[in-house]
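Below is one structure; the comments refer to it alone.
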Amino acid sequence: MDLNPMCMLSLALLTCMQSAGTFQKLRFSSRGWPLTREIMSCGLPWLLVMLKMVMAIRQLSFFSYMRAEGVESNQFTFPSILTACSAVSAHCFGEQVHGCVVRNGFGCNVYVQSALVDMYAKCGDLSSAKRVLENMEDDDVVSWNSLIVGCVRHGFEEEGLLLFKKMHARNMKIDDYTFPSVLNCCIVGSIDAKSVHCLVIKTGFENYKLVSNALVDMYAKTGNLNCAYAVFEKMLEKDVISWTSLVTGYAQNGSHEESLKIFVT
């Protein structure tokens, strides 16, 4: 989709502000952002992304204002602001928030720690995310999932697989958000995909649509079309992701006629 100059300028401004780490200096009013017809014409997906980024930046700005006014933050403030940092990859700002967390005595709060792991992982600072996770007294599956997702997102699939193996060795409760990330690792990693599939069945997540879609996608991308189709056929509820993964898998593996048959079904 082509973007007009106003859209491109707005996105460029967001990117520059993100890279420059100047969020704490920003102030937005209801008229302060050019949400004009030109930006509206970019289409709903782009508009939603831009609005989400703008709202995250405003949160960071308000947090700075709170600090300047001497208003104390609590265990509810920090996770919210760290989520905003994650949304716009504000790593430098997130590090400053981490300092505030420690100074305000919330360094051992499990919800704040979990938000820190997520922020560092999404910003690509996996060493800091891992360090926070290791220092957690009550590490939970959410924090581990955040780190695994971060590893996959930034191209460290082998590290993500090692984390998954550690989770499994510790008998941690794995959920339906863990498996999709691990199955993404299987596409390029050294782990046997079928062993993960067996674990999916053993733990009762085979009928979760999120997990089933990830299985179809993984098998299709690794060229195991028979298994991809078998998982697809067993799905109780299929969506556009299920169909797209299977159609794309057949097409990418040279089975163009079969891909077209599934597409027109």
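Naming scheme: A, B, ... for chains in displayed order of the structure tokens; residues 1 onward per chain; ligands 1 onward as shown.
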
For Ala193 in chain A, please output as an mmCIF file with N, CA and C atoms, in the first residue's frame all residues within 8 Å (counting only C-alpha atoms; exclusion window: fewer than 4 positions along the same chain).
```
data_model
loop_
_atom_site.group_PDB
_atom_site.id
_atom_site.type_symbol
_atom_site.label_atom_id
_atom_site.label_comp_id
_atom_site.auth_asym_id
_atom_site.auth_seq_id
_atom_site.Cartn_x
_atom_site.Cartn_y
_atom_site.Cartn_z
ATOM 1 N N LEU A 183 7.302 -23.127 18.574
ATOM 2 C CA LEU A 183 7.133 -23.712 17.245
ATOM 3 C C LEU A 183 7.768 -22.835 16.171
ATOM 4 N N CYS A 186 11.284 -23.817 16.058
ATOM 5 C CA CYS A 186 11.503 -25.113 15.395
ATOM 6 C C CYS A 186 11.758 -24.952 13.904
ATOM 7 N N HIS A 197 5.268 -31.160 19.255
ATOM 8 C CA HIS A 197 3.882 -31.496 18.938
ATOM 9 C C HIS A 197 3.348 -32.520 19.941
#
```

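Close contacts of Tyr177 in chain A, defined as residues with an atom at most 8 Å away when counting only C-alpha atoms, with chain neighbours fewer than 5 positions off set aside, comprise Asn145, Leu210 and Val211 of chain A.
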
With N, CA, C and O atoms retained, export the selected residues as a compact mmCIF listing (two decimals), in the first residue's frame.
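After the write, result_39.txt holds the following:
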```
# COMPACT_ATOMS: atom_id res chain seq x y z
N ASN A 145 7.59 -16.47 28.83
CA ASN A 145 7.04 -16.31 27.48
C ASN A 145 7.54 -15.03 26.84
O ASN A 145 7.88 -15.01 25.65
N LEU A 210 -4.82 -20.97 18.61
CA LEU A 210 -3.53 -20.30 18.52
C LEU A 210 -2.40 -21.31 18.33
O LEU A 210 -1.49 -21.10 17.52
N VAL A 211 -2.47 -22.42 19.07
CA VAL A 211 -1.43 -23.45 18.99
C VAL A 211 -1.56 -24.23 17.69
O VAL A 211 -0.55 -24.52 17.02
```

Check your understanding: Counting only C-alpha atoms, what is within 6 Å of range 112-122 of chain A, bar same-chain residues fewer than 5 positions away, as a PyMOL selection string?
Key -> chain A and resi 79+86+129+143+146-147+150

Practice item. Skip range 247-258 of chain A itself and residues of its chain fewer than 2 positions away, then list as a list in words all residues within 12 Å of it, counting only C-alpha atoms. Key: Leu215, Val216, Asp217, Met218, Tyr219, Ala220, Lys221, Thr222, Gly223, Asn224, Leu225, Asn226, Cys227, Ala228, Tyr229, Phe232, Val240, Ile241, Ser242, Trp243, Thr244, Ser245, Leu260, Lys261, Ile262, Phe263, Val264 and Thr265 of chain A

Exercise for review: For Ser181 in chain A, please output as a PyMOL selection string all residues within 9 Å (counting only C-alpha atoms; exclusion window: fewer than 3 positions along the same chain).
Suggested key: chain A and resi 145+148-149+152+160+177-178+184-186+214

Write the residues of the selection above to a file with all heavy atoms, as a short mmCIF file (atom, residue, chain, number, x, y, z; two decimals), in the first residue's frame.
```cif
data_model
loop_
_atom_site.label_atom_id
_atom_site.label_comp_id
_atom_site.auth_asym_id
_atom_site.auth_seq_id
_atom_site.Cartn_x
_atom_site.Cartn_y
_atom_site.Cartn_z
N ASN A 145 7.59 -16.47 28.83
CA ASN A 145 7.04 -16.31 27.48
C ASN A 145 7.54 -15.03 26.84
O ASN A 145 7.88 -15.01 25.65
CB ASN A 145 5.51 -16.28 27.53
CG ASN A 145 4.91 -17.65 27.74
OD1 ASN A 145 5.59 -18.67 27.64
ND2 ASN A 145 3.62 -17.69 28.04
N ILE A 148 11.09 -15.59 25.68
CA ILE A 148 11.15 -16.48 24.51
C ILE A 148 10.68 -15.74 23.25
O ILE A 148 11.30 -15.84 22.19
CB ILE A 148 10.28 -17.74 24.75
CG1 ILE A 148 10.92 -18.62 25.84
CG2 ILE A 148 10.14 -18.55 23.46
CD1 ILE A 148 10.07 -19.80 26.26
N VAL A 149 9.59 -14.99 23.37
CA VAL A 149 9.09 -14.21 22.24
C VAL A 149 10.14 -13.20 21.78
O VAL A 149 10.36 -13.00 20.58
CB VAL A 149 7.78 -13.48 22.61
CG1 VAL A 149 7.40 -12.47 21.53
CG2 VAL A 149 6.65 -14.47 22.81
N VAL A 152 12.81 -14.96 19.75
CA VAL A 152 12.33 -15.28 18.40
C VAL A 152 12.26 -14.03 17.54
O VAL A 152 12.71 -14.02 16.39
CB VAL A 152 10.94 -15.96 18.47
CG1 VAL A 152 10.38 -16.18 17.07
CG2 VAL A 152 11.02 -17.28 19.22
N GLY A 160 15.94 -19.12 22.42
CA GLY A 160 14.54 -19.34 22.79
C GLY A 160 14.26 -20.80 23.09
O GLY A 160 13.54 -21.13 24.04
N TYR A 177 0.34 -19.66 25.03
CA TYR A 177 1.17 -18.60 24.44
C TYR A 177 2.63 -19.04 24.32
O TYR A 177 3.40 -18.44 23.58
CB TYR A 177 1.08 -17.32 25.27
CG TYR A 177 -0.28 -16.65 25.18
CD1 TYR A 177 -1.24 -16.84 26.17
CD2 TYR A 177 -0.61 -15.86 24.09
CE1 TYR A 177 -2.49 -16.24 26.08
CE2 TYR A 177 -1.85 -15.25 23.98
CZ TYR A 177 -2.79 -15.45 24.99
OH TYR A 177 -4.02 -14.86 24.88
N THR A 178 3.00 -20.07 25.06
CA THR A 178 4.37 -20.58 25.01
C THR A 178 4.62 -21.32 23.71
O THR A 178 5.64 -21.09 23.03
CB THR A 178 4.65 -21.53 26.20
OG1 THR A 178 4.28 -20.91 27.42
CG2 THR A 178 6.12 -21.90 26.24
N ASN A 184 7.79 -21.53 16.39
CA ASN A 184 8.52 -20.64 15.48
C ASN A 184 10.01 -20.93 15.53
O ASN A 184 10.70 -20.85 14.51
CB ASN A 184 8.27 -19.17 15.84
CG ASN A 184 7.01 -18.62 15.21
OD1 ASN A 184 6.66 -19.00 14.11
ND2 ASN A 184 6.32 -17.74 15.90
N CYS A 185 10.51 -21.26 16.72
CA CYS A 185 11.93 -21.63 16.87
C CYS A 185 12.24 -22.90 16.09
O CYS A 185 13.34 -23.05 15.55
CB CYS A 185 12.27 -21.84 18.34
SG CYS A 185 12.20 -20.36 19.37
N CYS A 186 11.28 -23.82 16.06
CA CYS A 186 11.50 -25.11 15.40
C CYS A 186 11.76 -24.95 13.90
O CYS A 186 12.38 -25.82 13.28
CB CYS A 186 10.30 -26.02 15.60
SG CYS A 186 10.05 -26.54 17.31
N ALA A 214 -0.17 -22.34 14.83
CA ALA A 214 1.30 -22.35 14.87
C ALA A 214 1.85 -23.68 14.37
O ALA A 214 2.89 -23.73 13.70
CB ALA A 214 1.79 -22.08 16.29
#
```

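Among the candidates A:Val182, A:Cys108, A:Val71, A:Met53, the residue lying nearest to Leu199 in chain A is A:Val182 (atoms considered: only C-alpha atoms).
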
Point to revise | All alpha helix (DSSP H) residues (DSSP, backbone) inside range 189-230 of chain A, as a ChimeraX atom specification | key: /A:193-202,209-221,225-230

Check your understanding: Taking into account only C-alpha atoms, which residue in the set A:Ala230, A:Leu82, A:Val196, A:Val88 is nearest to Lys165 in chain A?
Key -> A:Val196

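The smallest atom-to-atom distance between Val110 in chain A and any of A:Met55, A:Val132, A:Ile187, A:Ala68, using only C-alpha atoms, is found for A:Val132.
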
Exercise for review: To one decimal in Å, tell me the separation between CA of Arg153 in chain A and CA of Leu133 in chain A.
Suggested key: 17.9 Å

Review point. What lies within 10 Å of range 93-104 of chain A using only C-alpha atoms, ignoring chain neighbours under 6 positions off, as a list of chain:residue names?
Key: A:Gln18, A:Gly21, A:Thr22, A:Phe23, A:Gln24, A:Leu60, A:Phe63, A:Ser64, A:Arg67, A:Glu72, A:Ser73, A:Asn74, A:Gln75, A:Thr77, A:Phe78, A:Pro79, A:Ile81, A:Leu82, A:Thr83, A:Ala84, A:Cys85, A:Ser86, A:Val112, A:Gln113, A:Leu116, A:Met119, A:Tyr120, A:Cys123, A:Ser128
